[in-house]
Every structure is written in C-alpha cells, then in structure tokens.
>>> print(open('data-v2.cif').read())   # mmCIF, C-alpha atoms and all ligand atoms
data_structure
#
loop_
_atom_site.label_atom_id
_atom_site.label_comp_id
_atom_site.auth_asym_id
_atom_site.auth_seq_id
_atom_site.Cartn_x
_atom_site.Cartn_y
_atom_site.Cartn_z
CA MET A 1 9.87 -5.71 34.77
CA LYS A 2 6.32 -4.48 34.96
CA ALA A 3 3.09 -6.14 36.11
CA PHE A 4 -0.55 -5.26 35.49
CA ARG A 5 -3.07 -6.26 38.13
CA GLY A 6 -6.77 -6.61 37.36
CA GLU A 7 -9.41 -8.97 36.02
CA ILE A 8 -7.91 -10.87 33.08
CA LEU A 9 -9.70 -12.92 30.41
CA SER A 10 -8.34 -14.68 27.33
CA VAL A 11 -9.53 -17.55 25.15
CA PRO A 12 -6.43 -19.22 23.67
CA GLU A 13 -8.32 -22.14 22.11
CA ASP A 14 -11.61 -22.30 20.24
CA PRO A 15 -14.32 -23.31 22.76
CA ALA A 16 -16.20 -25.01 19.91
CA LEU A 17 -13.37 -27.55 19.87
CA ALA A 18 -11.79 -27.31 23.32
CA GLY A 19 -14.89 -26.61 25.47
CA SER A 20 -14.80 -24.43 28.59
CA GLU A 21 -11.17 -25.47 29.19
CA ALA A 22 -10.36 -22.93 26.48
CA VAL A 23 -11.21 -19.98 28.73
CA ARG A 24 -8.54 -18.46 31.01
CA HIS A 25 -10.09 -16.12 33.57
CA PHE A 26 -8.48 -14.57 36.65
CA GLU A 27 -10.76 -12.35 38.70
CA ASP A 28 -7.74 -10.88 40.46
CA GLY A 29 -5.02 -11.55 37.92
CA LEU A 30 -1.47 -10.48 37.28
CA LEU A 31 0.08 -9.99 33.83
CA VAL A 32 3.86 -9.76 34.11
CA VAL A 33 5.74 -8.10 31.24
CA GLU A 34 9.43 -7.76 30.50
CA ASP A 35 10.84 -6.11 27.35
CA GLY A 36 7.35 -6.08 25.86
CA LEU A 37 6.85 -9.82 26.27
CA ILE A 38 4.54 -11.62 28.69
CA VAL A 39 6.57 -13.64 31.19
CA ALA A 40 3.62 -14.78 33.32
CA CYS A 41 -0.16 -14.45 33.41
CA GLY A 42 -2.26 -15.94 36.18
CA ALA A 43 -3.90 -15.41 39.54
CA HIS A 44 -2.33 -12.62 41.61
CA VAL A 45 -2.21 -14.87 44.64
CA ASP A 46 -0.08 -17.38 42.73
CA LEU A 47 2.30 -14.92 41.07
CA ALA A 48 2.71 -11.98 43.44
CA GLU A 49 5.51 -13.50 45.49
CA GLY A 50 7.53 -14.76 42.54
CA TYR A 51 7.41 -11.36 40.83
CA ALA A 52 7.63 -9.16 43.91
CA GLU A 53 10.26 -6.97 42.26
CA ALA A 54 7.93 -5.96 39.40
CA GLU A 55 6.41 -2.49 39.40
CA VAL A 56 2.63 -3.04 39.60
CA GLU A 57 0.01 -0.96 37.76
CA LYS A 58 -3.59 -1.60 38.81
CA LEU A 59 -6.12 -1.60 35.99
CA GLY A 60 -9.82 -1.22 36.70
CA GLY A 61 -11.73 -3.04 33.99
CA LEU A 62 -11.58 -6.31 32.09
CA ILE A 63 -8.17 -7.00 30.54
CA VAL A 64 -8.44 -8.95 27.26
CA PRO A 65 -5.97 -9.51 24.39
CA GLY A 66 -5.76 -6.68 21.86
CA PHE A 67 -8.28 -7.18 19.07
CA VAL A 68 -7.21 -8.58 15.71
CA ASP A 69 -8.96 -7.14 12.65
CA ALA A 70 -8.44 -9.80 9.98
CA HIS A 71 -9.74 -7.70 7.07
CA VAL A 72 -9.97 -3.93 6.72
CA HIS A 73 -9.23 -1.27 4.04
CA TYR A 74 -7.49 1.82 5.38
CA PRO A 75 -7.97 3.90 2.17
CA GLN A 76 -11.74 3.46 2.43
CA ILE A 77 -12.17 4.91 5.89
CA GLU A 78 -13.42 8.26 4.63
CA ARG A 79 -16.03 6.49 2.47
CA ILE A 80 -17.69 4.58 5.31
CA ALA A 81 -21.48 5.05 5.21
CA SER A 82 -21.74 5.50 1.43
CA HIS A 83 -25.37 4.99 0.53
CA GLY A 84 -27.37 2.86 -1.78
CA GLU A 85 -25.41 0.24 -3.74
CA GLN A 86 -24.38 -3.40 -3.80
CA LEU A 87 -20.72 -4.42 -4.11
CA MET A 88 -19.80 -3.87 -7.76
CA GLN A 89 -21.68 -0.55 -8.11
CA TRP A 90 -20.48 0.61 -4.67
CA LEU A 91 -16.88 0.03 -5.75
CA GLU A 92 -17.37 2.00 -8.99
CA ARG A 93 -19.29 4.86 -7.49
CA HIS A 94 -17.74 5.36 -4.06
CA ILE A 95 -14.55 3.39 -3.57
CA PHE A 96 -12.48 3.53 -6.74
CA PRO A 97 -12.59 7.37 -6.84
CA ALA A 98 -11.47 7.48 -3.19
CA GLU A 99 -8.62 5.03 -3.80
CA LYS A 100 -7.30 7.06 -6.76
CA ALA A 101 -6.41 9.85 -4.33
CA PHE A 102 -3.73 7.58 -2.79
CA ALA A 103 -1.44 8.29 -5.73
CA ASP A 104 -0.64 11.35 -3.57
CA ARG A 105 1.73 10.26 -0.81
CA ALA A 106 0.83 13.15 1.50
CA HIS A 107 -2.84 12.13 1.33
CA ALA A 108 -1.90 8.52 2.12
CA ASP A 109 0.21 9.63 5.10
CA GLY A 110 -2.65 11.64 6.56
CA VAL A 111 -5.23 8.88 6.22
CA ALA A 112 -2.84 6.18 7.49
CA ALA A 113 -2.12 8.13 10.68
CA PHE A 114 -5.82 8.75 11.30
CA PHE A 115 -6.69 5.10 10.59
CA LEU A 116 -4.09 3.63 12.95
CA ASP A 117 -5.00 6.03 15.76
CA GLU A 118 -8.62 4.98 15.30
CA LEU A 119 -7.64 1.29 15.48
CA LEU A 120 -5.93 1.91 18.83
CA ARG A 121 -8.92 3.88 20.10
CA HIS A 122 -11.10 0.87 19.24
CA GLY A 123 -8.74 -1.61 20.95
CA THR A 124 -7.33 -3.11 17.76
CA THR A 125 -3.61 -3.90 18.02
CA SER A 126 -3.10 -6.15 14.96
CA ALA A 127 -4.69 -5.93 11.53
CA LEU A 128 -4.55 -7.35 8.03
CA VAL A 129 -5.03 -4.25 5.89
CA PHE A 130 -5.77 -3.54 2.25
CA ALA A 131 -3.86 -0.54 0.88
CA THR A 132 -4.39 0.64 -2.73
CA VAL A 133 -2.73 -0.18 -6.04
CA HIS A 134 -0.07 2.48 -5.26
CA ALA A 135 3.15 1.28 -3.62
CA GLY A 136 3.28 4.58 -1.73
CA SER A 137 0.04 3.72 0.04
CA VAL A 138 1.82 0.75 1.65
CA ASP A 139 4.89 2.82 2.56
CA ALA A 140 2.60 5.38 4.22
CA LEU A 141 0.80 2.74 6.30
CA PHE A 142 3.96 0.85 7.27
CA GLU A 143 5.80 4.02 8.30
CA ALA A 144 2.89 5.08 10.51
CA ALA A 145 2.57 1.56 11.97
CA LEU A 146 6.30 1.40 12.67
CA GLN A 147 6.12 4.70 14.55
CA ARG A 148 3.29 3.32 16.69
CA ASP A 149 4.84 -0.17 17.08
CA MET A 150 1.69 -1.89 15.78
CA ARG A 151 1.48 -5.36 14.29
CA ILE A 152 0.20 -4.54 10.80
CA VAL A 153 0.23 -6.78 7.72
CA SER A 154 -0.51 -5.15 4.38
CA GLY A 155 0.39 -5.11 0.70
CA LYS A 156 0.04 -3.21 -2.53
CA VAL A 157 -3.19 -4.15 -4.31
CA LEU A 158 -2.76 -6.02 -7.59
CA MET A 159 -5.46 -5.06 -10.13
CA ASP A 160 -4.28 -4.91 -13.74
CA LEU A 161 -7.90 -4.93 -14.93
CA GLY A 162 -8.84 -2.08 -12.61
CA PRO A 163 -10.35 1.19 -13.82
CA GLU A 164 -8.25 3.89 -15.43
CA GLY A 165 -6.04 5.59 -12.89
CA LEU A 166 -6.29 2.63 -10.56
CA SER A 167 -4.63 -0.24 -12.39
CA ASP A 168 -1.15 -1.69 -12.62
CA THR A 169 0.38 -4.16 -15.07
CA VAL A 170 1.66 -7.68 -14.43
CA ALA A 171 5.23 -6.35 -14.59
CA SER A 172 4.74 -3.21 -12.48
CA GLY A 173 2.64 -5.09 -9.94
CA ARG A 174 5.37 -7.69 -9.60
CA ALA A 175 8.16 -5.12 -9.37
CA ASP A 176 6.35 -3.01 -6.75
CA THR A 177 5.46 -6.07 -4.68
CA GLU A 178 9.03 -7.41 -4.70
CA ALA A 179 10.43 -3.97 -3.83
CA LEU A 180 8.00 -3.52 -0.93
CA ILE A 181 8.78 -6.98 0.46
CA ALA A 182 12.50 -6.21 0.30
CA ARG A 183 12.06 -2.72 1.78
CA TRP A 184 9.91 -3.71 4.77
CA ARG A 185 10.98 -7.26 5.62
CA GLY A 186 12.00 -7.65 9.26
CA ARG A 187 11.14 -4.08 10.30
CA GLY A 188 9.19 -3.58 13.53
CA ARG A 189 6.21 -5.85 13.75
CA LEU A 190 5.20 -5.48 10.11
CA GLY A 191 4.36 -8.20 7.64
CA TYR A 192 3.63 -8.31 3.93
CA ALA A 193 0.61 -9.78 2.15
CA VAL A 194 0.50 -10.33 -1.61
CA THR A 195 -2.87 -8.70 -2.31
CA PRO A 196 -4.76 -9.39 -5.54
CA ARG A 197 -7.98 -7.38 -4.99
CA PHE A 198 -10.19 -10.20 -6.26
CA ALA A 199 -10.46 -12.32 -9.39
CA PRO A 200 -12.60 -9.77 -11.33
CA THR A 201 -9.85 -7.11 -11.34
CA SER A 202 -6.83 -9.23 -12.30
CA SER A 203 -5.86 -10.95 -15.55
CA ARG A 204 -5.02 -14.65 -15.48
CA GLU A 205 -1.39 -13.65 -15.98
CA GLN A 206 -1.44 -11.42 -12.91
CA LEU A 207 -3.16 -14.05 -10.74
CA ALA A 208 -0.55 -16.61 -11.80
CA ASP A 209 2.23 -14.13 -11.08
CA ALA A 210 0.80 -13.42 -7.62
CA GLY A 211 0.85 -17.16 -6.94
CA ALA A 212 4.50 -17.28 -7.97
CA VAL A 213 5.42 -14.41 -5.62
CA VAL A 214 3.65 -16.12 -2.71
CA ALA A 215 5.52 -19.35 -3.46
CA ALA A 216 8.85 -17.50 -3.63
CA HIS A 217 8.47 -15.85 -0.20
CA PRO A 218 7.61 -18.21 2.66
CA ASP A 219 7.14 -15.27 5.06
CA VAL A 220 4.37 -13.44 3.19
CA LEU A 221 0.59 -13.90 3.31
CA MET A 222 -1.90 -13.92 0.45
CA HIS A 223 -4.92 -11.69 1.08
CA THR A 224 -7.94 -11.34 -1.19
CA HIS A 225 -11.76 -11.30 -1.38
CA LEU A 226 -13.84 -14.37 -2.15
CA SER A 227 -17.51 -15.16 -2.80
CA GLU A 228 -18.89 -12.01 -1.24
CA ASN A 229 -21.82 -10.76 -3.28
CA PRO A 230 -24.15 -12.47 -5.80
CA GLY A 231 -23.34 -10.01 -8.63
CA GLU A 232 -19.62 -10.52 -8.16
CA ILE A 233 -19.95 -14.32 -8.04
CA ALA A 234 -21.96 -14.37 -11.29
CA PHE A 235 -19.28 -12.22 -12.97
CA VAL A 236 -16.52 -14.61 -11.90
CA ALA A 237 -18.46 -17.70 -12.99
CA GLU A 238 -18.89 -16.16 -16.45
CA ARG A 239 -15.23 -15.16 -16.79
CA PHE A 240 -13.80 -18.46 -15.56
CA PRO A 241 -16.16 -21.15 -16.88
CA GLU A 242 -13.47 -23.81 -16.47
CA ALA A 243 -13.28 -23.37 -12.68
CA ALA A 244 -15.30 -25.57 -10.32
CA ASP A 245 -16.22 -22.49 -8.24
CA TYR A 246 -14.81 -19.10 -7.21
CA LEU A 247 -12.19 -20.59 -4.86
CA ASP A 248 -11.03 -22.86 -7.67
CA VAL A 249 -10.15 -19.78 -9.75
CA ASP A 250 -7.64 -18.72 -7.09
CA ASP A 251 -6.55 -22.32 -6.56
CA ARG A 252 -5.61 -22.72 -10.21
CA PHE A 253 -3.17 -19.83 -9.82
CA GLY A 254 -1.51 -21.08 -6.63
CA LEU A 255 -3.33 -18.67 -4.32
CA VAL A 256 -4.87 -21.21 -1.93
CA GLY A 257 -2.51 -22.31 0.84
CA PRO A 258 -1.81 -22.13 4.57
CA ARG A 259 -0.87 -18.44 4.35
CA SER A 260 -4.01 -17.43 2.41
CA VAL A 261 -6.71 -15.23 3.95
CA PHE A 262 -10.03 -14.89 2.15
CA ALA A 263 -12.40 -12.11 3.18
CA HIS A 264 -16.16 -12.83 3.25
CA CYS A 265 -16.80 -16.36 1.84
CA VAL A 266 -20.53 -15.75 2.23
CA HIS A 267 -21.70 -18.10 -0.52
CA MET A 268 -19.56 -21.22 -0.38
CA SER A 269 -19.92 -24.78 -1.62
CA ASP A 270 -18.93 -27.66 0.64
CA ARG A 271 -16.30 -28.52 -1.93
CA ALA A 272 -14.68 -25.11 -1.60
CA LEU A 273 -14.74 -25.15 2.21
CA ALA A 274 -13.27 -28.67 2.30
CA ARG A 275 -10.51 -27.48 -0.02
CA MET A 276 -9.82 -24.44 2.19
CA ALA A 277 -9.56 -26.64 5.27
CA GLU A 278 -7.28 -29.07 3.47
CA ALA A 279 -5.03 -26.21 2.35
CA GLY A 280 -5.03 -24.57 5.80
CA ALA A 281 -6.43 -21.30 4.43
CA GLY A 282 -8.41 -18.91 6.65
CA ILE A 283 -11.57 -16.82 6.39
CA ALA A 284 -12.18 -13.27 7.60
CA PHE A 285 -15.85 -13.13 8.66
CA CYS A 286 -17.10 -9.57 8.06
CA PRO A 287 -20.69 -9.38 9.31
CA THR A 288 -21.32 -5.62 9.23
CA SER A 289 -20.02 -5.32 5.69
CA ASN A 290 -22.03 -8.30 4.45
CA MET A 291 -25.22 -6.78 5.84
CA PHE A 292 -24.41 -3.24 4.69
CA LEU A 293 -23.89 -4.26 1.04
CA GLY A 294 -26.72 -6.81 1.15
CA SER A 295 -24.22 -9.54 0.30
CA GLY A 296 -25.70 -12.24 2.50
CA LEU A 297 -25.16 -14.09 5.76
CA PHE A 298 -21.89 -15.92 6.39
CA ASP A 299 -22.60 -19.52 7.42
CA LEU A 300 -20.36 -20.14 10.41
CA ALA A 301 -21.85 -23.58 11.09
CA GLN A 302 -21.05 -24.69 7.53
CA ALA A 303 -17.45 -23.46 7.86
CA ASP A 304 -17.23 -25.22 11.23
CA ARG A 305 -18.28 -28.52 9.69
CA HIS A 306 -15.11 -28.29 7.60
CA ARG A 307 -13.04 -26.83 10.46
CA VAL A 308 -11.86 -23.84 8.49
CA ALA A 309 -9.86 -21.26 10.50
CA ILE A 310 -11.89 -18.09 11.13
CA GLY A 311 -11.03 -14.52 12.09
CA ILE A 312 -13.17 -11.39 12.35
CA GLY A 313 -12.92 -8.46 9.92
CA THR A 314 -14.51 -5.02 10.18
CA ASP A 315 -14.03 -4.49 6.42
CA ILE A 316 -14.18 -0.70 6.55
CA GLY A 317 -15.45 0.99 4.30
CA ALA A 318 -18.31 -1.45 3.56
CA GLY A 319 -18.20 -2.38 7.22
CA THR A 320 -20.00 0.00 9.51
CA THR A 321 -17.69 0.13 12.55
CA LEU A 322 -13.98 -0.11 13.31
CA SER A 323 -14.90 -1.77 16.60
CA VAL A 324 -14.06 -5.48 16.49
CA LEU A 325 -15.93 -5.75 19.81
CA HIS A 326 -19.14 -4.38 18.29
CA THR A 327 -18.59 -6.50 15.17
CA LEU A 328 -18.91 -9.58 17.43
CA GLY A 329 -22.44 -8.52 18.33
CA GLU A 330 -23.19 -8.33 14.60
CA ALA A 331 -21.59 -11.75 14.08
CA TYR A 332 -24.00 -13.07 16.70
CA ARG A 333 -26.95 -11.62 14.77
CA THR A 334 -25.72 -13.17 11.52
CA CYS A 335 -25.57 -16.56 13.24
CA GLN A 336 -29.06 -16.07 14.70
CA LEU A 337 -30.43 -15.38 11.21
CA ARG A 338 -28.79 -18.63 10.10
CA GLY A 339 -30.54 -20.49 12.92
CA ALA A 340 -27.35 -20.91 14.95
CA SER A 341 -25.79 -19.16 17.91
CA LEU A 342 -22.40 -17.71 18.76
CA ASP A 343 -21.05 -18.13 22.28
CA PRO A 344 -19.44 -14.90 23.59
CA PHE A 345 -16.26 -16.70 24.70
CA ARG A 346 -15.91 -18.20 21.26
CA ALA A 347 -16.56 -14.79 19.72
CA LEU A 348 -13.71 -13.34 21.81
CA HIS A 349 -11.47 -16.18 20.65
CA LEU A 350 -12.26 -15.45 16.99
CA ALA A 351 -11.55 -11.73 17.51
CA THR A 352 -8.17 -12.38 19.15
CA GLN A 353 -6.28 -15.68 18.92
CA GLY A 354 -8.46 -16.98 16.06
CA GLY A 355 -7.72 -13.97 13.89
CA ALA A 356 -4.06 -14.05 14.89
CA ARG A 357 -3.80 -17.66 13.69
CA VAL A 358 -5.48 -16.77 10.40
CA MET A 359 -2.81 -14.05 9.99
CA GLY A 360 0.02 -16.42 10.91
CA ILE A 361 0.88 -14.49 14.09
CA GLY A 362 -0.86 -16.77 16.58
CA ASP A 363 2.41 -17.50 18.38
CA LYS A 364 3.05 -13.77 18.86
CA VAL A 365 -0.25 -12.23 20.01
CA GLY A 366 -3.86 -12.98 20.88
CA ALA A 367 -3.93 -15.16 23.99
CA LEU A 368 -1.97 -13.39 26.78
CA LEU A 369 0.23 -16.46 27.16
CA PRO A 370 3.87 -16.35 28.32
CA GLY A 371 6.17 -15.65 25.39
CA GLN A 372 3.59 -13.57 23.54
CA GLU A 373 3.81 -9.83 23.03
CA ALA A 374 1.92 -7.86 25.68
CA ASP A 375 -0.74 -6.32 23.42
CA PHE A 376 -3.92 -5.93 25.46
CA VAL A 377 -7.01 -3.84 26.01
CA VAL A 378 -8.81 -2.71 29.15
CA LEU A 379 -12.59 -2.87 28.69
CA ASP A 380 -14.83 -0.66 30.81
CA GLU A 381 -18.24 -2.11 31.62
CA ARG A 382 -19.30 1.19 33.12
CA SER A 383 -18.68 3.19 29.93
CA THR A 384 -22.41 3.77 29.34
CA PRO A 385 -25.25 3.80 31.86
CA LEU A 386 -27.05 0.95 30.10
CA LEU A 387 -23.96 -1.26 29.87
CA ALA A 388 -23.23 -0.60 33.55
CA ARG A 389 -26.76 -1.53 34.52
CA ARG A 390 -26.77 -4.70 32.39
CA CYS A 391 -23.40 -5.87 33.72
CA ALA A 392 -23.99 -5.14 37.41
CA GLY A 393 -23.93 -8.44 39.27
CA ALA A 394 -24.03 -10.43 36.01
CA SER A 395 -21.97 -13.55 35.23
CA LEU A 396 -18.78 -13.29 33.18
CA HIS A 397 -20.63 -14.87 30.24
CA ASP A 398 -23.39 -12.26 30.39
CA ARG A 399 -21.00 -9.35 30.90
CA LEU A 400 -18.92 -10.42 27.92
CA PHE A 401 -22.00 -10.79 25.74
CA ALA A 402 -23.33 -7.40 26.83
CA LEU A 403 -19.98 -5.84 25.90
CA GLN A 404 -20.28 -7.37 22.43
CA VAL A 405 -23.86 -6.24 21.88
CA LEU A 406 -23.77 -2.83 23.59
CA GLY A 407 -20.06 -2.04 23.54
CA ASP A 408 -17.89 -0.26 20.99
CA ASP A 409 -15.02 2.25 21.22
CA ARG A 410 -16.64 3.78 24.29
CA ALA A 411 -15.95 0.54 26.17
CA VAL A 412 -12.22 0.67 25.42
CA ALA A 413 -10.60 2.39 28.41
CA ALA A 414 -7.01 1.78 27.31
CA THR A 415 -4.93 -0.04 24.70
CA TYR A 416 -1.43 -1.36 25.40
CA LEU A 417 1.22 -2.31 22.84
CA ARG A 418 4.05 -4.50 24.19
CA GLY A 419 3.19 -3.38 27.70
CA ARG A 420 3.21 0.33 26.83
CA ARG A 421 0.03 2.39 26.97
CA ALA A 422 -0.68 3.45 23.37
CA TYR A 423 -4.17 4.84 23.99
CA GLY A 424 -6.03 5.80 27.12
CA LYS A 425 -9.41 7.42 27.53
CA SER A 426 -8.98 10.59 29.52
CA GLY A 427 -9.92 9.98 33.14
CA ALA A 428 -9.90 6.19 32.71
CA ALA A 429 -8.17 3.86 35.16
ZN ZN A 501 -12.74 -5.92 1.74
#
>>> encode(input="data-v2.cif", output="structure tokens")
Amino acid sequence: MKAFRGEILSVPEDPALAGSEAVRHFEDGLLVVEDGLIVACGAHVDLAEGYAEAEVEKLGGLIVPGFVDAHVHYPQIERIASHGEQLMQWLERHIFPAEKAFADRAHADGVAAFFLDELLRHGTTSALVFATVHAGSVDALFEAALQRDMRIVSGKVLMDLGPEGLSDTVASGRADTEALIARWRGRGRLGYAVTPRFAPTSSREQLADAGAVVAAHPDVLMHTHLSENPGEIAFVAERFPEAADYLDVDDRFGLVGPRSVFAHCVHMSDRALARMAEAGAGIAFCPTSNMFLGSGLFDLAQADRHRVAIGIGTDIGAGTTLSVLHTLGEAYRTCQLRGASLDPFRALHLATQGGARVMGIGDKVGALLPGQEADFVVLDERSTPLLARRCAGASLHDRLFALQVLGDDRAVAATYLRGRRAYGKSGAA
C-alpha cells in the first residue's frame, strides 16, 4: 500500500449542476493507493491513522486527476502548425498525405511512441484517439499504450470515399474493425471505438455498416466528427438532402447513441442537441482547433441548455497544443467570445471526469474517488516566474484559473499511472 501526501483537488460532478459541492479539495490531503486503485482520498488528518502502514510519498504541487483528451489524432502530430487553410483544404493539402505514411508499420510505431510520451509529459493519462485507415496504425498505438499502461481508446478510420491510397471498402473496413476488436478486447486498459472519419468520406453503405458494428458490440464506442466547419457542413447538406441536419445523417445509420462521441459540434441546431441529449451522446469541445481552422466558436451555453455531456479535446493536428490544461484557457476564451464564462472548477471537471464520462470510463478514472484507478498529475504553480507571481497568496479559484491561462506542459511536474510515476520533470518534487 502506498500513499501520496499533498494538496489534492478533484471535481467529480459538474459544478454547473451540482454547485460548489462538486469540488473536493484537501489542502493537506492523502491519496491512498493499493494495486493501482485508490482506496481512500481525503484530509491527511482524517486518514493518516487508518493507513499508518502505507509508505508515504510527499508531493509538492497540486494533485489533480490525470487529464482526459476526448478527441485527438496521433497520426497528425507531425503536421501541427500547418499554415493557411480551412478544414477541407487543410485535410487535402496537409493531413491526407501525412496519414498515407501510416501504411508503413515502422513509421506508425515511431509516431505512436512519441505521441504517447508527449501525452504523459502534458499530464494526459486517458485519450480517445483517431488512428488512420490502416489497421496497423491501431496495432502500433495499442501496443505502445499497453507498454505504458495508458487508458487509450482508438479505432481504425472508416473512409471508403477517401482519397486514393487512403480509402478502404465497406467489406475491408468491416473485416479490419472486427479483427481489431477481437485482437485487443480486454487487454490492458485499452478500448475500441468504431471510427467513421465523418459523413463526407463514407458511403451510405459504410455508415450503415458502422452502425451495425456498434450495435453488435456493446463494449465499443463510436467516434466521429460533426458540424465542424461551414464548408464541410454545406457539403454534407448537399449530399444528404433527406436529412434534417448533419447529426440526422449519422442518426439514420444508427451512429447516435449513449456510446457516441462527436468532435466539434460548433454549428448545431437545438433539434440536434436535444436529440444528442436524448440519446446520451457526448461532445468533444476542441477550442484550439476550432480557432486554428477558423471553424467557429463552440456554444457551451447552448449545449448546456440541452444538458449534453461534454469533454475537452486537443484535436491535434488542427489543435495547437497537446496540453489539455492550456486548452481550458482557450475554452474560456471561446466562451467569452460567446458572451458567457467558464468557471475554472467546471473547466477542470470537463477535462477530467466530464471527458471520462463521455468516453464511458467515468467509473474508472477522472475524480480521484475510492475504487478508481490512481491516474493523477502533479501541477507546479512555480514552473514559470509569471505563474509563480500570479499564484502567490491567491485563492484556489484564482490559482486554478491562472494554471489554465498561463500553464501548459511546463506546469506538469509529474504524471502517475495507477500509482506509478510514468513521467517526472527532472528535479521536480
Ligand atoms: Zn479531429
């Protein structure tokens, strides 16, 4: 049995619904871990006696749950910061050529290892990840995640209308998906997501087939893009004139349900959001990507009116940082431009337990509650001179907000997976 002593903060419930009761904060806290699972988390004064036999490690910094990245593309990491286009042209010019290289398994292995190490360095312990159309790209990511004991959910991209060299067929897409599910089911902390890229790159037959695979496997997610960019939305409206809106296209093929995760959802009708809430589907809010591609501003208040489940996505390579922490500062700015605000405790909830719920792993990670896996991050408020100066003597609210606005990978002192240190800044506590 091991225990970690330090300042501990988690937000198991959404403060927008549960109020300040949602916040669990222990200035001098103790997180007790056995076999990778949390057995207790509370004030040191309350727990020290009961767990006197535990070996105690003191952590200087703010202990929060490991971050959950609810939408990110590992094959695009080397194309981050590609200049000058909106979504459809950016895909053609920068992304599709990069994804073609993942036909080579050795290339996929190299990028997967780099990507996962970068996630850990940024404090991300769970992620819902796009691979490419190649089954080997998923094998590469899952093997690397298994080695590192990370909670990664991914799937082979379905895109039978994709460009030459980057497309499958209904039959090959189905066969690869079924084989990957069978090959990886129950291994480590991995999960599978049936992953049609988005409606523009799949035939009706393939979308219907994806819906059938999701229905056949109650343990898999469905992960896709929705209503991101005006050019894309116009294309979908033209191709599917019978659908009420973009979401309805996916709905007609059985792709809207409680295990569905839709990235972006920037331009949504109230009908579509009400339908998502009714189905129990979730949204990955990707603010840096939406600004980078000029897609628009996600309307959190509108989604809240329908009580749709929300997580936070970095969406590399259109996103501009792998830091979920920094992405929260950008989410705040998006809300400001929409005339709303985003409370820093709520932001932390969305980046941890909120995202975990969207991914269907909310019982396993995200809140530092007993029974959950001990995935956590130690944040260092002294990681830059400005952050240190802003946080000195400040309230918890103000420190947390400063970390979101000014912080990034530099503020991550250490990352723990199931109670084991998986990353630590040299010289950090
Ligand atoms: Zn994406």
>>> residues_near_point(input="data-v2.cif", point="(-16.2, -14.1, -6.7)", cutoff="12 Å", atoms="all atoms listed in the file", output="count of residues only")
40
>>> axis_aligned_box(input="data-v2.cif", around="stretch 131-135 of chain A", padding_each_side="8 Å", output="JSON")
{"center_x": -0.6, "center_y": 1.0, "center_z": -2.6, "size_x": 23.5, "size_y": 19.0, "size_z": 22.9}
>>> residues_around(input="data-v2.cif", residues="A:Thr195", least_positions_apart="3", cutoff="12 Å", atoms="all atoms listed in the file", output="ChimeraX atom specification")
/A:71,73,128-135,138,153-159,173-174,176-177,192,198-199,201-202,206-207,209-211,213-214,220-225,255,259-263
>>> closest_residue(input="data-v2.cif", among="A:Pro385, A:Gly355, A:Gly407, A:Gly36", to="A:Asp14", atoms="all atoms listed in the file")
A:Gly355
>>> residues_around(input="data-v2.cif", residues="A:Asp375", least_positions_apart="4", cutoff="6 Å", atoms="all atoms listed in the file", output="MDAnalysis selection string")
chainID A and resid 66 416:418
>>> build_atoms(input="data-v2.cif", residues="stretch 27-32 of chain A", atoms="all heavy atoms", output="compact mmCIF listing (two decimals), keeping the file's coordinate frame")
# COMPACT_ATOMS: atom_id res chain seq x y z
N GLU A 27 -10.00 -13.48 38.18
CA GLU A 27 -10.76 -12.35 38.70
C GLU A 27 -9.81 -11.30 39.28
O GLU A 27 -10.02 -10.11 39.08
CB GLU A 27 -11.73 -12.85 39.78
CG GLU A 27 -13.02 -12.09 39.76
CD GLU A 27 -14.09 -12.81 40.55
OE1 GLU A 27 -14.62 -13.82 40.03
OE2 GLU A 27 -14.36 -12.38 41.69
N ASP A 28 -8.81 -11.78 39.99
CA ASP A 28 -7.74 -10.88 40.46
C ASP A 28 -6.45 -11.44 39.86
O ASP A 28 -5.81 -12.29 40.46
CB ASP A 28 -7.69 -10.85 42.00
CG ASP A 28 -6.58 -9.93 42.52
OD1 ASP A 28 -6.00 -9.17 41.71
OD2 ASP A 28 -6.31 -9.98 43.73
N GLY A 29 -6.13 -10.95 38.67
CA GLY A 29 -5.02 -11.55 37.92
C GLY A 29 -3.80 -10.65 37.89
O GLY A 29 -3.84 -9.47 38.27
N LEU A 30 -2.71 -11.24 37.44
CA LEU A 30 -1.47 -10.48 37.28
C LEU A 30 -0.86 -10.85 35.92
O LEU A 30 -0.72 -12.03 35.58
CB LEU A 30 -0.48 -10.82 38.40
CG LEU A 30 0.65 -9.81 38.62
CD1 LEU A 30 0.10 -8.49 39.16
CD2 LEU A 30 1.69 -10.37 39.59
N LEU A 31 -0.55 -9.82 35.14
CA LEU A 31 0.08 -9.99 33.83
C LEU A 31 1.48 -9.38 33.95
O LEU A 31 1.62 -8.18 34.11
CB LEU A 31 -0.74 -9.27 32.76
CG LEU A 31 -0.28 -9.35 31.32
CD1 LEU A 31 -0.57 -10.73 30.74
CD2 LEU A 31 -0.97 -8.29 30.47
N VAL A 32 2.49 -10.23 33.89
CA VAL A 32 3.86 -9.76 34.11
C VAL A 32 4.56 -9.61 32.76
O VAL A 32 4.54 -10.54 31.93
CB VAL A 32 4.64 -10.75 35.01
CG1 VAL A 32 6.01 -10.16 35.37
CG2 VAL A 32 3.85 -11.07 36.27
